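> Sharing entry.pdb below, PDB, C-alpha atoms:
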MODEL        1
ATOM      1  CA  MET A   1       0.000   0.000   0.000
ATOM      2  CA  LYS A   2       1.332   3.440  -0.933
ATOM      3  CA  THR A   3       2.175   5.901   1.776
ATOM      4  CA  ALA A   4       0.556   9.346   1.811
ATOM      5  CA  SER A   5       3.683  10.946   0.344
ATOM      6  CA  GLU A   6       3.825   8.376  -2.451
ATOM      7  CA  VAL A   7       0.182   9.026  -3.273
ATOM      8  CA  VAL A   8       0.683  12.767  -3.587
ATOM      9  CA  LEU A   9       3.785  12.239  -5.724
ATOM     10  CA  SER A  10       1.703  10.195  -8.151
ATOM     11  CA  SER A  11      -0.422  13.239  -8.942
ATOM     12  CA  SER A  12      -0.340  14.136 -12.618
ATOM     13  CA  ASP A  13      -0.219  17.851 -11.820
ATOM     14  CA  SER A  14      -0.231  18.819  -8.151
ATOM     15  CA  SER A  15       0.036  22.495  -9.131
ATOM     16  CA  ASN A  16      -3.514  22.170 -10.438
ATOM     17  CA  ASN A  17      -4.957  21.292  -7.038
ATOM     18  CA  PRO A  18      -8.557  22.387  -6.451
ATOM     19  CA  VAL A  19      -9.244  25.798  -4.991
ATOM     20  CA  HIS A  20     -12.452  24.706  -3.277
ATOM     21  CA  ILE A  21     -13.234  21.216  -1.989
ATOM     22  CA  GLY A  22     -16.692  20.366  -0.688
ATOM     23  CA  ILE A  23     -17.100  17.239   1.439
ATOM     24  CA  ILE A  24     -20.267  15.309   2.280
ATOM     25  CA  MET A  25     -19.052  13.421   5.341
ATOM     26  CA  ASP A  26     -21.302  10.368   5.182
ATOM     27  CA  GLY A  27     -21.158   7.114   7.120
ATOM     28  CA  ASN A  28     -20.793   7.984  10.810
ATOM     29  CA  GLY A  29     -23.876   6.045  11.855
ATOM     30  CA  ARG A  30     -23.062   2.950   9.790
ATOM     31  CA  TRP A  31     -19.485   2.984  11.050
ATOM     32  CA  ALA A  32     -20.726   2.932  14.640
ATOM     33  CA  LYS A  33     -23.369   0.277  13.993
ATOM     34  CA  ARG A  34     -20.813  -2.114  12.495
ATOM     35  CA  ARG A  35     -18.854  -1.836  15.756
ATOM     36  CA  GLY A  36     -21.808  -2.230  18.053
ATOM     37  CA  GLN A  37     -21.574   1.422  19.078
ATOM     38  CA  THR A  38     -24.130   4.205  19.196
ATOM     39  CA  ARG A  39     -24.548   6.687  16.351
ATOM     40  CA  THR A  40     -23.270   9.418  18.669
ATOM     41  CA  GLN A  41     -19.955   7.576  18.974
ATOM     42  CA  GLY A  42     -19.756   7.553  15.191
ATOM     43  CA  HIS A  43     -20.269  11.307  15.111
ATOM     44  CA  LYS A  44     -17.488  11.817  17.660
ATOM     45  CA  ARG A  45     -15.121   9.789  15.531
ATOM     46  CA  GLY A  46     -16.259  11.709  12.442
ATOM     47  CA  LEU A  47     -15.304  14.988  14.118
ATOM     48  CA  GLU A  48     -11.780  13.703  14.804
ATOM     49  CA  VAL A  49     -11.430  12.720  11.153
ATOM     50  CA  ALA A  50     -12.689  16.130  10.022
ATOM     51  CA  LYS A  51      -9.919  17.829  12.001
ATOM     52  CA  ALA A  52      -7.272  15.576  10.440
ATOM     53  CA  ILE A  53      -8.557  16.176   6.914
ATOM     54  CA  VAL A  54      -8.757  19.934   7.433
ATOM     55  CA  LYS A  55      -5.202  19.960   8.773
ATOM     56  CA  LYS A  56      -3.964  18.055   5.725
ATOM     57  CA  ALA A  57      -5.844  20.385   3.392
ATOM     58  CA  SER A  58      -4.172  23.357   5.064
ATOM     59  CA  GLU A  59      -0.763  21.713   4.618
ATOM     60  CA  LEU A  60      -1.566  21.321   0.916
ATOM     61  CA  HIS A  61      -2.590  25.001   0.781
ATOM     62  CA  ILE A  62      -6.114  24.229  -0.397
ATOM     63  CA  PRO A  63      -7.777  27.660  -0.110
ATOM     64  CA  TYR A  64     -11.323  26.495   0.730
ATOM     65  CA  VAL A  65     -12.838  23.378   2.283
ATOM     66  CA  THR A  66     -16.577  23.225   2.930
ATOM     67  CA  LEU A  67     -17.822  20.542   5.334
ATOM     68  CA  TYR A  68     -21.463  19.425   5.329
ATOM     69  CA  ALA A  69     -21.941  19.310   9.092
ATOM     70  CA  PHE A  70     -25.735  19.510   9.492
ATOM     71  CA  SER A  71     -28.315  19.801   6.733
ATOM     72  CA  THR A  72     -31.770  21.374   6.768
ATOM     73  CA  GLU A  73     -33.094  17.821   6.421
ATOM     74  CA  ASN A  74     -31.186  16.492   9.446
ATOM     75  CA  TRP A  75     -33.832  17.959  11.762
ATOM     76  CA  LYS A  76     -35.918  14.896  10.799
ATOM     77  CA  ARG A  77     -33.636  12.654  12.868
ATOM     78  CA  THR A  78     -34.432  11.645  16.425
ATOM     79  CA  THR A  79     -34.536  14.335  19.095
ATOM     80  CA  GLU A  80     -31.681  12.579  20.878
ATOM     81  CA  GLU A  81     -29.395  12.566  17.831
ATOM     82  CA  VAL A  82     -30.207  16.148  16.853
ATOM     83  CA  GLY A  83     -29.529  17.297  20.411
ATOM     84  CA  PHE A  84     -26.225  15.446  20.469
ATOM     85  CA  LEU A  85     -25.149  16.941  17.129
ATOM     86  CA  MET A  86     -26.030  20.464  18.252
ATOM     87  CA  ASN A  87     -24.032  19.992  21.445
ATOM     88  CA  LEU A  88     -21.126  18.476  19.506
ATOM     89  CA  ILE A  89     -21.058  21.480  17.181
ATOM     90  CA  LYS A  90     -21.177  23.886  20.113
ATOM     91  CA  THR A  91     -18.459  22.048  22.030
ATOM     92  CA  HIS A  92     -16.253  21.785  18.952
ATOM     93  CA  LEU A  93     -16.477  25.474  18.152
ATOM     94  CA  LYS A  94     -15.497  26.352  21.699
ATOM     95  CA  ALA A  95     -12.735  23.790  22.090
ATOM     96  CA  GLU A  96     -10.986  24.034  18.736
ATOM     97  CA  LEU A  97     -10.095  27.718  18.595
ATOM     98  CA  ALA A  98      -6.498  26.813  19.478
ATOM     99  CA  PHE A  99      -6.456  24.323  16.581
ATOM    100  CA  TYR A 100      -7.636  27.003  14.157
ATOM    101  CA  ALA A 101      -5.107  29.490  15.528
ATOM    102  CA  GLU A 102      -2.206  27.041  15.336
ATOM    103  CA  ASN A 103      -2.967  26.235  11.703
ATOM    104  CA  LYS A 104      -4.042  29.802  10.777
ATOM    105  CA  ILE A 105      -7.410  28.477   9.609
ATOM    106  CA  ARG A 106     -10.257  30.896   9.003
ATOM    107  CA  VAL A 107     -13.767  29.643   9.770
ATOM    108  CA  GLN A 108     -16.888  30.755   7.924
ATOM    109  CA  HIS A 109     -20.477  29.552   8.015
ATOM    110  CA  ILE A 110     -23.163  28.884   5.435
ATOM    111  CA  GLY A 111     -26.723  27.957   6.273
ATOM    112  CA  ASN A 112     -29.779  29.411   7.939
ATOM    113  CA  LEU A 113     -28.188  30.820  11.079
ATOM    114  CA  ARG A 114     -31.344  32.359  12.508
ATOM    115  CA  ASN A 115     -33.118  28.995  12.742
ATOM    116  CA  LEU A 116     -30.403  27.505  14.948
ATOM    117  CA  PRO A 117     -30.576  27.569  18.777
ATOM    118  CA  PRO A 118     -29.364  30.935  20.163
ATOM    119  CA  ASP A 119     -26.309  29.430  21.888
ATOM    120  CA  ILE A 120     -25.212  27.774  18.634
ATOM    121  CA  GLN A 121     -25.683  31.062  16.790
ATOM    122  CA  GLU A 122     -23.459  32.799  19.337
ATOM    123  CA  GLU A 123     -20.699  30.193  19.046
ATOM    124  CA  ILE A 124     -20.716  30.307  15.251
ATOM    125  CA  THR A 125     -20.616  34.098  15.221
ATOM    126  CA  ALA A 126     -17.775  34.107  17.748
ATOM    127  CA  VAL A 127     -15.533  31.619  15.933
ATOM    128  CA  VAL A 128     -16.090  33.376  12.595
ATOM    129  CA  SER A 129     -15.052  36.662  14.206
ATOM    130  CA  ASP A 130     -12.107  35.202  16.148
ATOM    131  CA  THR A 131     -10.578  33.550  13.056
ATOM    132  CA  ALA A 132     -11.367  36.265  10.495
ATOM    133  CA  HIS A 133      -7.747  37.440  10.313
ATOM    134  CA  PHE A 134      -6.222  34.013   9.551
ATOM    135  CA  THR A 135      -4.934  33.580   6.013
ATOM    136  CA  ASN A 136      -4.407  29.853   5.537
ATOM    137  CA  THR A 137      -7.233  27.512   4.493
ATOM    138  CA  THR A 138     -10.777  28.754   4.971
ATOM    139  CA  VAL A 139     -13.041  26.088   6.447
ATOM    140  CA  VAL A 140     -16.685  26.698   5.668
ATOM    141  CA  LEU A 141     -19.027  24.926   8.080
ATOM    142  CA  ALA A 142     -22.375  24.121   6.464
ATOM    143  CA  ILE A 143     -24.672  24.015   9.506
ATOM    144  CA  ASN A 144     -28.444  24.014   9.035
ATOM    145  CA  TYR A 145     -27.634  24.208   5.350
ATOM    146  CA  GLY A 146     -29.503  23.199   2.231
ATOM    147  CA  GLY A 147     -28.663  24.226  -1.314
ATOM    148  CA  LYS A 148     -32.288  24.937  -2.242
ATOM    149  CA  ASP A 149     -32.814  26.890   0.971
ATOM    150  CA  GLU A 150     -29.747  29.029   0.276
ATOM    151  CA  ILE A 151     -30.983  29.929  -3.210
ATOM    152  CA  VAL A 152     -34.480  30.788  -1.944
ATOM    153  CA  ARG A 153     -33.078  32.940   0.867
ATOM    154  CA  ALA A 154     -30.778  34.694  -1.602
ATOM    155  CA  ILE A 155     -33.678  35.574  -3.907
ATOM    156  CA  LYS A 156     -35.670  36.973  -0.977
ATOM    157  CA  LYS A 157     -32.805  39.387  -0.222
ATOM    158  CA  ILE A 158     -32.804  40.922  -3.695
ATOM    159  CA  PRO A 159     -34.532  44.331  -3.991
ATOM    160  CA  LEU A 160     -37.704  44.131  -6.086
ATOM    161  CA  GLN A 161     -36.412  46.707  -8.562
ATOM    162  CA  SER A 162     -33.410  44.461  -9.320
ATOM    163  CA  LEU A 163     -35.409  41.333 -10.161
ATOM    164  CA  THR A 164     -36.146  42.331 -13.741
ATOM    165  CA  SER A 165     -32.432  42.509 -14.541
ATOM    166  CA  LEU A 166     -31.417  39.541 -12.406
ATOM    167  CA  ASP A 167     -28.483  37.499 -13.713
ATOM    168  CA  GLU A 168     -26.089  34.895 -12.272
ATOM    169  CA  ASN A 169     -23.557  37.443 -11.065
ATOM    170  CA  THR A 170     -26.191  39.439  -9.205
ATOM    171  CA  LEU A 171     -27.717  36.386  -7.560
ATOM    172  CA  SER A 172     -24.255  35.260  -6.420
ATOM    173  CA  LEU A 173     -23.934  38.474  -4.420
ATOM    174  CA  TYR A 174     -26.822  37.385  -2.195
ATOM    175  CA  MET A 175     -25.614  33.882  -1.416
ATOM    176  CA  ASP A 176     -24.561  33.144   2.175
ATOM    177  CA  ILE A 177     -20.919  33.880   1.261
ATOM    178  CA  SER A 178     -20.933  36.088  -1.801
ATOM    179  CA  ASP A 179     -17.260  35.565  -2.640
ATOM    180  CA  LEU A 180     -17.181  31.797  -2.047
ATOM    181  CA  PRO A 181     -15.510  30.358  -5.157
ATOM    182  CA  PRO A 182     -17.153  27.573  -7.159
ATOM    183  CA  VAL A 183     -16.599  24.030  -5.927
ATOM    184  CA  ASP A 184     -13.863  22.347  -7.951
ATOM    185  CA  LEU A 185     -13.963  18.951  -6.236
ATOM    186  CA  LEU A 186     -17.049  17.552  -4.517
ATOM    187  CA  ILE A 187     -16.353  14.497  -2.357
ATOM    188  CA  ARG A 188     -18.923  12.145  -0.870
ATOM    189  CA  THR A 189     -17.867   9.294   1.387
ATOM    190  CA  GLY A 190     -19.847   6.232   2.431
ATOM    191  CA  GLY A 191     -20.731   4.753  -0.944
ATOM    192  CA  ASP A 192     -23.942   6.618  -1.809
ATOM    193  CA  GLN A 193     -23.823   8.504  -5.092
ATOM    194  CA  ARG A 194     -25.904  11.630  -4.646
ATOM    195  CA  ILE A 195     -25.207  15.233  -3.629
ATOM    196  CA  SER A 196     -28.023  15.573  -1.071
ATOM    197  CA  ASN A 197     -28.874  19.249  -1.571
ATOM    198  CA  PHE A 198     -25.273  20.349  -0.942
ATOM    199  CA  LEU A 199     -23.849  23.498  -2.570
ATOM    200  CA  LEU A 200     -26.182  23.234  -5.580
ATOM    201  CA  TRP A 201     -25.317  26.690  -6.913
ATOM    202  CA  GLN A 202     -21.576  26.456  -6.297
ATOM    203  CA  SER A 203     -21.200  22.895  -7.666
ATOM    204  CA  ALA A 204     -22.557  23.475 -11.164
ATOM    205  CA  TYR A 205     -19.294  22.261 -12.733
ATOM    206  CA  ALA A 206     -17.703  20.436  -9.821
ATOM    207  CA  GLU A 207     -15.776  17.252 -10.411
ATOM    208  CA  ILE A 208     -17.493  14.624  -8.258
ATOM    209  CA  TYR A 209     -15.588  11.951  -6.370
ATOM    210  CA  PHE A 210     -17.509   9.144  -4.643
ATOM    211  CA  ASP A 211     -15.600   7.019  -2.141
ATOM    212  CA  PRO A 212     -17.056   3.786  -0.723
ATOM    213  CA  ASP A 213     -15.208   4.120   2.582
ATOM    214  CA  LEU A 214     -17.168   5.504   5.516
ATOM    215  CA  TRP A 215     -16.160   8.944   6.769
ATOM    216  CA  PRO A 216     -14.737   7.739  10.131
ATOM    217  CA  ASP A 217     -12.354   5.470   8.187
ATOM    218  CA  TRP A 218     -10.951   8.315   6.142
ATOM    219  CA  THR A 219      -7.294   9.329   6.381
ATOM    220  CA  GLU A 220      -5.118  11.894   4.657
ATOM    221  CA  THR A 221      -4.335   9.239   2.041
ATOM    222  CA  HIS A 222      -8.003   9.210   1.034
ATOM    223  CA  LEU A 223      -7.891  12.974   0.537
ATOM    224  CA  LEU A 224      -4.740  12.757  -1.558
ATOM    225  CA  LYS A 225      -6.297  10.070  -3.768
ATOM    226  CA  ALA A 226      -9.336  12.272  -4.324
ATOM    227  CA  ILE A 227      -7.129  15.216  -5.281
ATOM    228  CA  ASN A 228      -5.078  13.013  -7.592
ATOM    229  CA  SER A 229      -8.284  11.883  -9.289
ATOM    230  CA  TYR A 230      -9.282  15.513  -9.728
ATOM    231  CA  ASN A 231      -5.881  16.399 -11.190
ATOM    232  CA  SER A 232      -6.146  13.596 -13.726
ATOM    233  CA  ARG A 233      -9.386  14.914 -15.199
ATOM    234  CA  GLU A 234      -9.860  17.338 -18.069
ATOM    235  CA  ARG A 235     -12.238  20.152 -17.147
ATOM    236  CA  ARG A 236     -14.004  21.650 -20.160
ATOM    237  CA  PHE A 237     -16.927  23.602 -18.612
ATOM    238  CA  GLY A 238     -19.103  22.801 -21.619
ATOM    239  CA  SER A 239     -16.519  23.723 -24.243
ATOM    240  CA  ILE A 240     -14.283  21.536 -26.394
ATOM    241  CA  LYS A 241     -10.514  21.414 -26.036
TER
ENDMDL
END
Would you encode the structure as structure tokens?

Amino acid sequence: MKTASEVVLSSSDSSNNPVHIGIIMDGNGRWAKRRGQTRTQGHKRGLEVAKAIVKKASELHIPYVTLYAFSTENWKRTTEEVGFLMNLIKTHLKAELAFYAENKIRVQHIGNLRNLPPDIQEEITAVVSDTAHFTNTTVVLAINYGGKDEIVRAIKKIPLQSLTSLDENTLSLYMDISDLPPVDLLIRTGGDQRISNFLLWQSAYAEIYFDPDLWPDWTETHLLKAINSYNSRERRFGSIK
């Protein structure tokens, strides 16, 4: 089996690494079930993996990584699991400020902030403010996020007089992060092959990479393989080369 360094050296063009990677971190519950553990234990393990992957992305100087942490549809899960996930998010945001500072990682948020519990809103706002001056990788936390919801909320922000001349550039200005670059590489772990309402606007021409391994089993080698796959592809954006 190749080491992580050997995997990255096999890249056809590492200088062409993606600017923005979006990750659907799927498989925490199944990972826990296979080990006779609770789903909450799977989520804890998934958080540890997320930190490791973010750290590796920062070492590779990937400018943006967006993590699908909690979707607008995840409220349909049990009250116990939703409560645990909210507490895990809150605890993580409080506890990991030193991690962000050490790695000069800026944190941003996309999603419907106002529909989150007030204490979660406060923690998100605080970590975004506290890391705003960092210049390494930007980690975008998609919490209470849905691609359709983001587009609808963006349209509602547009002044009525501007609707008649609405174009793509104007609509982009009203997205949750107006200057968030398009997704170059969209990764989904866990074997399912769907995008689950994630970054619909930003992923119009994303290269999609499906990995059968569950998120808690991911390592930096998995990330490097995904980037190598991206670097081996020819991106045409509808044109012909």
> Expand the PyMOL selection byres ((chain A and resi 185-187) around 8) into the explicit residue set it covers here, and present it as an MDAnalysis selection string.
chainID A and resid 18 20:24 183:184 188:189 203 206:211 226:227 230
> Any idea what's packed within 8 Å of Phe198 (chain A), counting only C-alpha atoms, ignoring anything in its chain fewer than 5 positions away? Could you give it as a list in words?
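Using only C-alpha atoms, the neighbours found are Ile24, Tyr68, Tyr145, Gly146 and Gly147 of chain A.
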> Listing only residues of region 50-73 of chain A within 10 Å of region 101-117 of chain A, what is the closest atom pair and its distance in Å (to one decimal) for each, using only C-alpha atoms, sorted by chain and residue number ascending, as a Markdown table?

| residue | atom | partner | partner_atom | distance |
| --- | --- | --- | --- | --- |
| A:Val54 | CA | A:Ile105 | CA | 8.9 |
| A:Lys55 | CA | A:Asn103 | CA | 7.3 |
| A:Ser58 | CA | A:Asn103 | CA | 7.3 |
| A:Glu59 | CA | A:Asn103 | CA | 8.7 |
| A:Pro63 | CA | A:Ile105 | CA | 9.8 |
| A:Tyr64 | CA | A:Arg106 | CA | 9.4 |
| A:Val65 | CA | A:Val107 | CA | 9.8 |
| A:Thr66 | CA | A:His109 | CA | 9.0 |
| A:Leu67 | CA | A:His109 | CA | 9.8 |
| A:Tyr68 | CA | A:Ile110 | CA | 9.6 |
| A:Phe70 | CA | A:Gly111 | CA | 9.1 |
| A:Ser71 | CA | A:Gly111 | CA | 8.3 |
| A:Thr72 | CA | A:Gly111 | CA | 8.3 |
> The centre and edge lengths of an axis-aligned box containing all atoms of region 190-201 of chain A present in the file, extended by 6 Å on each side, are to be given in Å to one decimal, as JSON.

{"center_x": -24.4, "center_y": 15.7, "center_z": -2.2, "size_x": 21.0, "size_y": 33.9, "size_z": 21.3}
> Rounded to one decimal in Å, what is the spacing between CA of Ile62 (chain A) and CA of Thr137 (chain A)?
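Atom-to-atom, CA of Ile62 (chain A) to CA of Thr137 (chain A), that is 6.0 Å.
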> Please complete region 194-205 of chain A so it has all heavy atoms, and hand it over as a tab-separated table (two decimals), keeping the file's coordinate frame.

chain	number	residue	atom	x	y	z
A	194	ARG	N	-24.98	10.51	-4.49
A	194	ARG	CA	-25.90	11.63	-4.65
A	194	ARG	C	-25.29	12.83	-3.92
A	194	ARG	O	-24.41	12.67	-3.08
A	194	ARG	CB	-27.29	11.31	-4.09
A	194	ARG	CG	-27.29	10.81	-2.66
A	194	ARG	CD	-28.72	10.53	-2.17
A	194	ARG	NE	-28.72	9.98	-0.84
A	194	ARG	CZ	-28.70	8.68	-0.55
A	194	ARG	NH1	-28.67	7.78	-1.53
A	194	ARG	NH2	-28.72	8.26	0.71
A	195	ILE	N	-25.80	14.03	-4.22
A	195	ILE	CA	-25.21	15.23	-3.63
A	195	ILE	C	-26.05	15.81	-2.50
A	195	ILE	O	-25.62	16.75	-1.82
A	195	ILE	CB	-24.92	16.31	-4.69
A	195	ILE	CG1	-26.21	16.73	-5.42
A	195	ILE	CG2	-23.91	15.80	-5.70
A	195	ILE	CD1	-25.98	17.88	-6.39
A	196	SER	N	-27.24	15.29	-2.27
A	196	SER	CA	-28.02	15.57	-1.07
A	196	SER	C	-28.18	17.06	-0.76
A	196	SER	O	-27.98	17.50	0.37
A	196	SER	CB	-27.41	14.85	0.14
A	196	SER	OG	-27.45	13.45	-0.05
A	197	ASN	N	-28.52	17.84	-1.78
A	197	ASN	CA	-28.87	19.25	-1.57
A	197	ASN	C	-27.69	20.07	-1.05
A	197	ASN	O	-27.87	21.04	-0.32
A	197	ASN	CB	-30.06	19.35	-0.59
A	197	ASN	CG	-30.78	20.68	-0.63
A	197	ASN	OD1	-30.70	21.43	-1.60
A	197	ASN	ND2	-31.49	21.00	0.44
A	198	PHE	N	-26.49	19.70	-1.45
A	198	PHE	CA	-25.27	20.35	-0.94
A	198	PHE	C	-24.66	21.25	-2.01
A	198	PHE	O	-24.32	20.79	-3.10
A	198	PHE	CB	-24.27	19.28	-0.52
A	198	PHE	CG	-22.97	19.79	0.05
A	198	PHE	CD1	-22.96	20.70	1.08
A	198	PHE	CD2	-21.75	19.35	-0.45
A	198	PHE	CE1	-21.76	21.17	1.62
A	198	PHE	CE2	-20.55	19.79	0.08
A	198	PHE	CZ	-20.55	20.71	1.12
A	199	LEU	N	-24.53	22.53	-1.70
A	199	LEU	CA	-23.85	23.50	-2.57
A	199	LEU	C	-24.32	23.40	-4.03
A	199	LEU	O	-23.51	23.33	-4.95
A	199	LEU	CB	-22.33	23.30	-2.48
A	199	LEU	CG	-21.70	23.58	-1.12
A	199	LEU	CD1	-20.22	23.22	-1.13
A	199	LEU	CD2	-21.88	25.04	-0.70
A	200	LEU	N	-25.63	23.41	-4.23
A	200	LEU	CA	-26.18	23.23	-5.58
A	200	LEU	C	-25.72	24.33	-6.54
A	200	LEU	O	-25.37	24.06	-7.68
A	200	LEU	CB	-27.71	23.22	-5.51
A	200	LEU	CG	-28.35	22.11	-4.67
A	200	LEU	CD1	-29.87	22.21	-4.74
A	200	LEU	CD2	-27.89	20.73	-5.13
A	201	TRP	N	-25.72	25.57	-6.07
A	201	TRP	CA	-25.32	26.69	-6.91
A	201	TRP	C	-23.82	26.65	-7.20
A	201	TRP	O	-23.39	26.82	-8.35
A	201	TRP	CB	-25.68	28.00	-6.22
A	201	TRP	CG	-25.34	29.23	-6.98
A	201	TRP	CD1	-24.21	29.99	-6.86
A	201	TRP	CD2	-26.12	29.87	-8.00
A	201	TRP	NE1	-24.24	31.06	-7.72
A	201	TRP	CE2	-25.41	31.01	-8.44
A	201	TRP	CE3	-27.37	29.58	-8.57
A	201	TRP	CZ2	-25.90	31.86	-9.42
A	201	TRP	CZ3	-27.86	30.44	-9.56
A	201	TRP	CH2	-27.13	31.55	-9.97
A	202	GLN	N	-23.04	26.38	-6.17
A	202	GLN	CA	-21.58	26.46	-6.30
A	202	GLN	C	-20.98	25.23	-7.00
A	202	GLN	O	-19.83	25.27	-7.42
A	202	GLN	CB	-20.94	26.60	-4.92
A	202	GLN	CG	-21.34	27.87	-4.17
A	202	GLN	CD	-22.63	27.72	-3.38
A	202	GLN	OE1	-23.35	26.73	-3.51
A	202	GLN	NE2	-22.92	28.70	-2.52
A	203	SER	N	-21.74	24.14	-7.10
A	203	SER	CA	-21.20	22.90	-7.67
A	203	SER	C	-21.63	22.63	-9.10
A	203	SER	O	-21.56	21.49	-9.57
A	203	SER	CB	-21.63	21.70	-6.79
A	203	SER	OG	-21.08	21.81	-5.50
A	204	ALA	N	-22.03	23.66	-9.82
A	204	ALA	CA	-22.56	23.48	-11.16
A	204	ALA	C	-21.59	22.71	-12.06
A	204	ALA	O	-22.00	21.89	-12.88
A	204	ALA	CB	-22.90	24.83	-11.78
A	205	TYR	N	-20.28	22.95	-11.92
A	205	TYR	CA	-19.29	22.26	-12.73
A	205	TYR	C	-18.24	21.57	-11.88
A	205	TYR	O	-17.09	21.39	-12.30
A	205	TYR	CB	-18.63	23.23	-13.72
A	205	TYR	CG	-19.39	23.31	-15.02
A	205	TYR	CD1	-20.29	24.35	-15.28
A	205	TYR	CD2	-19.24	22.32	-15.99
A	205	TYR	CE1	-21.00	24.41	-16.45
A	205	TYR	CE2	-19.95	22.37	-17.18
A	205	TYR	CZ	-20.83	23.41	-17.41
A	205	TYR	OH	-21.54	23.46	-18.58
